[in-house]
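A short worksheet on the structure shown next.
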Amino acid sequence: MELRVLQYFLTVTREQNISGAAEALHLSQPTLSRQLRDMEDELGKQLMIRGNRKITLTEEGMILRKRAEEILALVQKTEHEITISDDIIAGDVYIGAGETDAVRLIAKAGKNVQTEYPDIHYHISSGDTTDVLESLDKGLIDFGLIFSKIDTSKYEYLEFPVKDIYGILMRKDSPLAGKDGIRPEDLHDNP
């Protein structure tokens with residue numbers, strides 16, 4: 001399977017039809033169709049159902065789309081890392097993080113580093129612990145910001161000096177509104 005054909009496949013999934021993808025790729029429609037059929041033959045699976053105006057991905061096609069995005073992102077990252085000059089401190093830093101206020105500290109630290117090294121660029125992606133660890137394991141991100149237990153034998157880590165605080169919104173006449181604090185067990189009988 002060639003990277004070029006993976007890019008073709010992703011373009012077709014974005015355009016949702018082969019003619020639009022062929023135009024975006026500056027290819028003839030028969031050439032693109034043949035490349036996709038060859039890939040399906042190579043994999044031994046149908047990847048898409050071709051309709052009159054729109055393609056629909058099969059289950060295998062959805063798997064390939066996700067993996068193709070990961071593969072091409074990793075290739076792009078690798079090419080960029082290799083082509084950077086040894087004399088310049090520059091590059092892209094990929095960080096995966098959950099929805100947390102602690103990202104503010106990462107952004108502040110990144111800004112401080114970027115002030116001294118303006119050719120460093122940060123990319124932050126959002127996800128839960130599973131998403132972040134999966135991206136870290138695949139080499140798609142450089143760092144992960146996680147607030148749950150991890151396998152400390154598998155990862156290098158630093159403890160973050162903050163904890164997230166959660167709140168609950170309720171009506172003023174709710175029985176819980178009169179409490180100074182809410183514990184998880186206070187919520188068991190509430191919708």
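Chain identifiers are assigned as A, B, and so on, following the order in which chains appear in the structure tokens; residues are numbered from 1 within each chain, and ligands are numbered from 1 in order of appearance.
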Region 65-101 of chain A residues near region 107-125 of chain A within 10 Å, closest pair each, using only C-alpha atoms, as JSON lines:
{"residue": "A:Ile88", "atom": "CA", "partner": "A:Asp119", "partner_atom": "CA", "distance": 8.4}
{"residue": "A:Ile89", "atom": "CA", "partner": "A:Tyr117", "partner_atom": "CA", "distance": 6.5}
{"residue": "A:Ala90", "atom": "CA", "partner": "A:Asp119", "partner_atom": "CA", "distance": 4.6}
{"residue": "A:Gly91", "atom": "CA", "partner": "A:Ile120", "partner_atom": "CA", "distance": 4.8}
{"residue": "A:Asp92", "atom": "CA", "partner": "A:His121", "partner_atom": "CA", "distance": 4.7}
{"residue": "A:Val93", "atom": "CA", "partner": "A:Tyr122", "partner_atom": "CA", "distance": 4.8}
{"residue": "A:Tyr94", "atom": "CA", "partner": "A:His123", "partner_atom": "CA", "distance": 4.8}
{"residue": "A:Ile95", "atom": "CA", "partner": "A:Ile124", "partner_atom": "CA", "distance": 4.8}
{"residue": "A:Gly96", "atom": "CA", "partner": "A:Ser125", "partner_atom": "CA", "distance": 4.9}
{"residue": "A:Ala97", "atom": "CA", "partner": "A:Ser125", "partner_atom": "CA", "distance": 6.3}
{"residue": "A:Gly98", "atom": "CA", "partner": "A:Ser125", "partner_atom": "CA", "distance": 8.3}
{"residue": "A:Glu99", "atom": "CA", "partner": "A:Ser125", "partner_atom": "CA", "distance": 9.9}
Output for the residues just chosen: N, CA, C and O atoms as a compact mmCIF listing (two decimals), in the first residue's frame:
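Writing done, so here's again.txt:
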# COMPACT_ATOMS: atom_id res chain seq x y z
N ILE A 88 19.60 25.08 14.12
CA ILE A 88 18.45 25.88 14.55
C ILE A 88 17.61 25.07 15.53
O ILE A 88 17.35 23.89 15.32
N ILE A 89 17.20 25.71 16.61
CA ILE A 89 16.27 25.06 17.54
C ILE A 89 14.88 25.44 17.06
O ILE A 89 14.43 26.57 17.19
N ALA A 90 14.25 24.47 16.44
CA ALA A 90 12.95 24.70 15.81
C ALA A 90 12.21 23.38 15.72
O ALA A 90 12.79 22.32 15.92
N GLY A 91 10.94 23.48 15.44
CA GLY A 91 10.17 22.27 15.21
C GLY A 91 8.79 22.36 15.81
O GLY A 91 8.37 23.41 16.32
N ASP A 92 8.10 21.26 15.73
CA ASP A 92 6.74 21.17 16.22
C ASP A 92 6.69 20.28 17.44
O ASP A 92 7.33 19.22 17.46
N VAL A 93 5.95 20.71 18.44
CA VAL A 93 5.74 19.93 19.65
C VAL A 93 4.26 19.59 19.71
O VAL A 93 3.41 20.47 19.65
N TYR A 94 3.99 18.29 19.78
CA TYR A 94 2.60 17.81 19.79
C TYR A 94 2.24 17.37 21.20
O TYR A 94 2.95 16.55 21.80
N ILE A 95 1.16 17.92 21.70
CA ILE A 95 0.72 17.65 23.07
C ILE A 95 -0.73 17.18 23.04
O ILE A 95 -1.57 17.80 22.39
N GLY A 96 -1.01 16.11 23.75
CA GLY A 96 -2.37 15.63 23.90
C GLY A 96 -2.83 15.92 25.31
O GLY A 96 -2.08 15.72 26.26
N ALA A 97 -4.04 16.40 25.46
CA ALA A 97 -4.53 16.76 26.80
C ALA A 97 -6.04 16.61 26.87
O ALA A 97 -6.73 16.73 25.87
N GLY A 98 -6.52 16.35 28.06
CA GLY A 98 -7.96 16.34 28.31
C GLY A 98 -8.45 17.76 28.51
O GLY A 98 -7.68 18.72 28.48
N GLU A 99 -9.74 17.87 28.70
CA GLU A 99 -10.34 19.18 28.95
C GLU A 99 -10.03 19.56 30.39
O GLU A 99 -10.65 19.05 31.32
Tell me, as a VMD selection string, which residues lie within 9 Å of Ala21 (chain A), counting only C-alpha atoms; anything in the same chain fewer than 4 positions away does not count. chain A and resid 8 to 9 11 to 17 25 to 27 29 32
Which residues come within 10 Å of region 131-139 of chain A, counting only C-alpha atoms, excluding same-chain residues fewer than 4 positions away, as an MDAnalysis selection string? chainID A and resid 70:71 73:74 77:78 94:98 125:127 143:146 150 154:155
Can you pull out every residue from region 43-174 of chain A that DSSP, working from the backbone, puts in helix (DSSP H, G or I), and format the result as a ChimeraX atom specification? /A:43,59-83,103-116,129-137
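Between CA of Leu169 (chain A) and CA of Pro191 (chain A) lies a distance of 12.4 Å.
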Let's see if you can do this: from backbone DSSP, list all strand (DSSP E or B) residues in chain A, as a ChimeraX atom specification. /A:48-50,55-57,91-97,120-126,143-145
Kindly export the residues of the current selection with N, CA and C atoms, as a PDB file, in the first residue's frame.
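Contents of again25.pdb, freshly written:
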ATOM      1  N   MET A  48     -15.493   1.044   0.387  1.00  0.00           N
ATOM      2  CA  MET A  48     -16.548   2.043   0.239  1.00  0.00           C
ATOM      3  C   MET A  48     -17.647   1.512  -0.667  1.00  0.00           C
ATOM      4  N   ILE A  49     -18.835   2.027  -0.420  1.00  0.00           N
ATOM      5  CA  ILE A  49     -19.975   1.711  -1.260  1.00  0.00           C
ATOM      6  C   ILE A  49     -20.205   2.935  -2.131  1.00  0.00           C
ATOM      7  N   ARG A  50     -20.105   2.734  -3.431  1.00  0.00           N
ATOM      8  CA  ARG A  50     -20.201   3.850  -4.374  1.00  0.00           C
ATOM      9  C   ARG A  50     -21.668   4.074  -4.735  1.00  0.00           C
ATOM     10  N   ILE A  55     -20.182   8.541  -1.740  1.00  0.00           N
ATOM     11  CA  ILE A  55     -19.659   7.254  -1.295  1.00  0.00           C
ATOM     12  C   ILE A  55     -19.953   7.099   0.197  1.00  0.00           C
ATOM     13  N   THR A  56     -20.106   5.862   0.629  1.00  0.00           N
ATOM     14  CA  THR A  56     -20.292   5.550   2.043  1.00  0.00           C
ATOM     15  C   THR A  56     -19.214   4.551   2.430  1.00  0.00           C
ATOM     16  N   LEU A  57     -18.523   4.816   3.516  1.00  0.00           N
ATOM     17  CA  LEU A  57     -17.464   3.910   3.948  1.00  0.00           C
ATOM     18  C   LEU A  57     -18.057   2.663   4.592  1.00  0.00           C
ATOM     19  N   GLY A  91      10.943  23.478  15.435  1.00  0.00           N
ATOM     20  CA  GLY A  91      10.169  22.269  15.213  1.00  0.00           C
ATOM     21  C   GLY A  91       8.792  22.362  15.810  1.00  0.00           C
ATOM     22  N   ASP A  92       8.097  21.258  15.727  1.00  0.00           N
ATOM     23  CA  ASP A  92       6.735  21.172  16.217  1.00  0.00           C
ATOM     24  C   ASP A  92       6.693  20.277  17.442  1.00  0.00           C
ATOM     25  N   VAL A  93       5.950  20.713  18.442  1.00  0.00           N
ATOM     26  CA  VAL A  93       5.743  19.931  19.654  1.00  0.00           C
ATOM     27  C   VAL A  93       4.263  19.587  19.706  1.00  0.00           C
ATOM     28  N   TYR A  94       3.991  18.289  19.781  1.00  0.00           N
ATOM     29  CA  TYR A  94       2.603  17.810  19.788  1.00  0.00           C
ATOM     30  C   TYR A  94       2.241  17.366  21.198  1.00  0.00           C
ATOM     31  N   ILE A  95       1.159  17.917  21.705  1.00  0.00           N
ATOM     32  CA  ILE A  95       0.722  17.651  23.073  1.00  0.00           C
ATOM     33  C   ILE A  95      -0.726  17.183  23.041  1.00  0.00           C
ATOM     34  N   GLY A  96      -1.006  16.112  23.746  1.00  0.00           N
ATOM     35  CA  GLY A  96      -2.374  15.632  23.896  1.00  0.00           C
ATOM     36  C   GLY A  96      -2.834  15.919  25.307  1.00  0.00           C
ATOM     37  N   ALA A  97      -4.042  16.401  25.464  1.00  0.00           N
ATOM     38  CA  ALA A  97      -4.527  16.760  26.795  1.00  0.00           C
ATOM     39  C   ALA A  97      -6.040  16.609  26.871  1.00  0.00           C
ATOM     40  N   ILE A 120       9.717  27.301  17.252  1.00  0.00           N
ATOM     41  CA  ILE A 120       9.049  26.145  17.860  1.00  0.00           C
ATOM     42  C   ILE A 120       7.549  26.418  17.804  1.00  0.00           C
ATOM     43  N   HIS A 121       6.809  25.436  17.337  1.00  0.00           N
ATOM     44  CA  HIS A 121       5.360  25.571  17.208  1.00  0.00           C
ATOM     45  C   HIS A 121       4.678  24.444  17.970  1.00  0.00           C
ATOM     46  N   TYR A 122       3.596  24.773  18.647  1.00  0.00           N
ATOM     47  CA  TYR A 122       2.878  23.819  19.476  1.00  0.00           C
ATOM     48  C   TYR A 122       1.556  23.429  18.837  1.00  0.00           C
ATOM     49  N   HIS A 123       1.220  22.166  18.998  1.00  0.00           N
ATOM     50  CA  HIS A 123      -0.057  21.635  18.500  1.00  0.00           C
ATOM     51  C   HIS A 123      -0.674  20.861  19.654  1.00  0.00           C
ATOM     52  N   ILE A 124      -1.825  21.310  20.116  1.00  0.00           N
ATOM     53  CA  ILE A 124      -2.485  20.653  21.243  1.00  0.00           C
ATOM     54  C   ILE A 124      -3.760  19.993  20.741  1.00  0.00           C
ATOM     55  N   SER A 125      -3.883  18.707  21.019  1.00  0.00           N
ATOM     56  CA  SER A 125      -5.105  17.987  20.640  1.00  0.00           C
ATOM     57  C   SER A 125      -5.809  17.536  21.914  1.00  0.00           C
ATOM     58  N   SER A 126      -7.114  17.502  21.838  1.00  0.00           N
ATOM     59  CA  SER A 126      -7.926  17.160  22.996  1.00  0.00           C
ATOM     60  C   SER A 126      -8.378  15.708  22.912  1.00  0.00           C
ATOM     61  N   PHE A 143       4.032  14.662  24.151  1.00  0.00           N
ATOM     62  CA  PHE A 143       3.684  14.721  25.569  1.00  0.00           C
ATOM     63  C   PHE A 143       2.191  14.518  25.739  1.00  0.00           C
ATOM     64  N   GLY A 144       1.818  14.015  26.902  1.00  0.00           N
ATOM     65  CA  GLY A 144       0.407  13.886  27.226  1.00  0.00           C
ATOM     66  C   GLY A 144       0.144  14.466  28.597  1.00  0.00           C
ATOM     67  N   LEU A 145      -0.954  15.162  28.733  1.00  0.00           N
ATOM     68  CA  LEU A 145      -1.372  15.730  30.012  1.00  0.00           C
ATOM     69  C   LEU A 145      -2.560  14.904  30.486  1.00  0.00           C
TER      70      LEU A 145
END
Which residue out of A:Leu6, A:Leu158, A:Leu176, A:Leu187 has the minimum interatomic distance to Gln35 (chain A) when only C-alpha atoms are used? A:Leu6
